[in-house]
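Raw start29.csv, CSV, C-alpha atoms:
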chain,number,residue,atom,x,y,z
H,105,GLN,CA,-19.2,14.3,17.5
H,106,ILE,CA,-19.6,12.5,14.1
H,107,TRP,CA,-16.1,11.1,14.3
H,108,TRP,CA,-16.7,9.8,17.9
H,109,LYS,CA,-19.9,8.1,16.9
H,110,TYR,CA,-18.1,6.4,14.0
H,111,LEU,CA,-15.1,5.3,16.1
H,112,SER,CA,-17.2,4.2,19.1
H,113,SER,CA,-19.5,2.1,17.0
H,114,GLY,CA,-16.5,0.3,15.4
H,115,ILE,CA,-15.1,-0.4,18.9
H,116,GLU,CA,-18.4,-1.7,20.1
H,117,GLU,CA,-18.7,-3.9,17.0
H,118,ILE,CA,-15.6,-5.8,18.1
H,119,GLY,CA,-17.2,-6.4,21.5
H,120,PHE,CA,-15.9,-3.6,23.7
H,121,LYS,CA,-18.1,-1.7,26.1
H,122,GLN,CA,-17.7,1.9,27.2
H,123,CYS,CA,-17.0,2.6,30.8
H,124,LYS,CA,-19.9,4.4,32.6
H,125,VAL,CA,-17.5,6.9,34.2
H,126,ASP,CA,-15.4,7.7,31.2
H,127,GLN,CA,-16.8,6.9,27.7
H,128,CYS,CA,-13.3,7.2,26.2
H,129,VAL,CA,-12.3,4.0,28.0
H,130,CYS,CA,-13.6,0.8,26.6
H,131,ARG,CA,-13.2,-2.7,28.1
H,132,LYS,CA,-13.5,-6.3,27.1
H,133,ASP,CA,-12.1,-9.5,28.8
H,134,GLY,CA,-8.8,-8.1,30.2
H,135,LEU,CA,-8.4,-5.6,27.4
H,136,VAL,CA,-8.7,-1.8,27.5
H,137,ILE,CA,-8.9,0.7,24.7
H,138,MET,CA,-8.2,4.3,25.8
H,139,VAL,CA,-9.3,6.9,23.2
H,140,TYR,CA,-8.3,10.5,22.7
H,141,ILE,CA,-9.8,12.0,19.5
H,142,ASP,CA,-8.1,9.8,16.9
H,143,ASP,CA,-5.4,8.2,19.1
H,144,CYS,CA,-6.0,4.9,20.8
H,145,LEU,CA,-3.9,3.1,23.4
H,146,VAL,CA,-4.7,-0.7,23.5
H,147,LEU,CA,-3.7,-2.4,26.8
H,148,GLY,CA,-4.1,-6.1,27.3
H,149,ASN,CA,-3.3,-9.2,29.2
H,150,SER,CA,-1.1,-10.6,26.4
H,151,LYS,CA,0.6,-9.4,23.2
H,152,THR,CA,-1.5,-12.0,21.2
H,153,ASN,CA,-4.8,-10.5,22.5
H,154,VAL,CA,-3.6,-6.9,21.7
H,155,ASP,CA,-2.6,-8.0,18.2
H,156,LYS,CA,-6.0,-9.5,17.7
H,157,VAL,CA,-7.7,-6.3,18.7
H,158,LEU,CA,-5.4,-4.3,16.4
H,159,GLU,CA,-6.3,-6.6,13.5
H,160,LYS,CA,-10.0,-6.2,14.2
H,161,LEU,CA,-9.7,-2.4,14.4
H,162,GLY,CA,-7.7,-2.5,11.2
H,163,ARG,CA,-10.7,-4.0,9.4
H,164,HIS,CA,-12.8,-0.9,10.4
H,165,PHE,CA,-10.3,1.9,10.3
H,166,ASP,CA,-7.0,2.9,8.7
H,167,ILE,CA,-4.7,2.4,11.7
H,168,THR,CA,-1.0,2.9,12.3
H,169,ASP,CA,0.6,0.7,14.9
H,170,GLU,CA,3.1,2.8,16.8
H,171,GLY,CA,4.6,-0.2,18.6
H,172,THR,CA,4.8,-1.5,22.1
H,173,THR,CA,7.3,1.0,23.7
H,174,VAL,CA,4.8,3.6,24.9
H,175,GLU,CA,6.4,5.6,27.7
H,176,GLU,CA,3.8,8.3,28.0
H,177,TYR,CA,0.2,8.8,26.8
H,178,LEU,CA,-1.8,12.0,27.4
H,179,GLY,CA,0.4,12.9,30.4
H,180,ILE,CA,0.2,9.4,31.9
H,181,LYS,CA,3.6,7.9,32.5
H,182,ILE,CA,4.0,4.2,31.7
H,183,ASP,CA,6.7,2.0,33.1
H,184,HIS,CA,7.3,-1.4,31.6
H,185,ASN,CA,8.3,-4.1,34.0
H,186,LYS,CA,10.5,-7.2,33.3
H,187,ASP,CA,7.5,-9.5,34.0
H,188,ASP,CA,5.5,-7.8,31.1
H,189,SER,CA,3.4,-5.9,33.6
H,190,PHE,CA,3.2,-2.1,33.5
H,191,ARG,CA,2.7,0.7,35.9
H,192,MET,CA,0.7,3.9,35.0
H,193,TYR,CA,0.9,7.0,37.0
H,194,GLN,CA,0.3,10.8,36.9
H,195,SER,CA,2.5,12.2,39.7
H,196,HIS,CA,2.2,15.7,38.3
H,197,LEU,CA,-1.6,15.5,38.5
H,198,MET,CA,-1.5,14.2,42.1
H,199,LYS,CA,0.9,17.1,43.1
H,200,ARG,CA,-1.6,19.6,41.5
H,201,ILE,CA,-4.5,18.0,43.3
H,202,ILE,CA,-2.7,18.2,46.6
H,203,GLN,CA,-1.7,21.8,46.0
H,204,THR,CA,-5.3,22.6,45.1
H,205,ILE,CA,-6.7,21.2,48.4
H,206,SER,CA,-3.8,22.8,50.3
H,207,TRP,CA,-2.7,19.6,51.9
H,208,ASP,CA,1.0,19.0,52.8
H,209,LYS,CA,3.1,16.9,55.2
H,210,GLU,CA,2.9,19.5,58.0
H,211,SER,CA,-0.9,19.6,57.9
H,212,LYS,CA,-2.6,17.7,60.7
H,213,ARG,CA,-5.6,16.9,58.5
H,214,ALA,CA,-5.8,13.4,57.1
H,215,LEU,CA,-5.9,13.0,53.4
H,216,ASN,CA,-8.6,10.4,52.6
H,217,ILE,CA,-8.1,8.8,49.3
H,218,ARG,CA,-10.1,5.9,47.7
H,219,LEU,CA,-9.3,4.1,44.5
H,220,VAL,CA,-12.4,3.1,42.7
H,221,LEU,CA,-12.2,0.8,39.7
H,222,VAL,CA,-15.1,1.0,37.4
Can I see the file as structure tokens?
Amino acid sequence: QIWWKYLSSGIEEIGFKQCKVDQCVCRKDGLVIMVYIDDCLVLGNSKTNVDKVLEKLGRHFDITDEGTTVEEYLGIKIDHNKDDSFRMYQSHLMKRIIQTISWDKESKRALNIRLVLV
């Protein structure tokens, strides 16, 4: 808890706000920082903006930049597209959810899904 207070205060100092639904996700002007203990994934609308965030984080913390070729983060698969966009998905989680609610193709029940961005 002490580490989280220290890390989150540093992230807030550079202008990021925690999401209300998940405090480990912080957003600012087209940029996202996803935090898991002491690992952070920085996503952004341009390499320049991500580099600026990393520079600012480096002023507060001793960071190691693992590069831009992240293919998976905490079970989330990340596909990089040729247009510099990316796709994130957790198909294994969706399969587990579907199994948990006992829904399959043969079922006549509708599966109602809503995506909510917070």
Problem set entry | Leu111 in chain H surroundings by only C-alpha atoms, 9 Å radius, close-in-sequence under 4 positions cut, as a count of residues only | 7
Exercise. Of the residues H:Asp169, H:Lys199, H:Asp183, H:Val146, which is the one nearest to Cys130 in chain H, using only C-alpha atoms?
Worked result: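 Residue with the minimum atom-to-atom distance to Cys130 in chain H: H:Val146.
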Exercise. Which is closer to Asp166 in chain H than all the others in H:Thr152, H:Gly114, H:Ile180, H:Trp108, using all atoms listed in the file?
Worked result: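 Using all atoms listed in the file, Asp166 in chain H sits closest to H:Gly114.
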For this session: Enter the distance from CA of Cys123 in chain H to CA of Thr173 in chain H, in Å, rounded to one decimal.
Result: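 Between CA of Cys123 in chain H and CA of Thr173 in chain H the gap is 25.4 Å.
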For this session: May I ask for the distance between CA of Arg131 in chain H and CA of Asp187 in chain H, given in Å to one decimal place?
Result: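 Spanning CA of Arg131 in chain H to CA of Asp187 in chain H is a straight-line distance of 22.6 Å.
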Problem set entry | Close residues, Ser195 in chain H itself excluded, 10 Å, only C-alpha atoms, min 3 positions apart in chain, as a list of chain:residue names |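 Residues near the query, excluding close chain neighbours: H:Gly179, H:Ile180, H:Lys181, H:Met192, H:Met198, H:Lys199, H:Arg200, H:Ile201.
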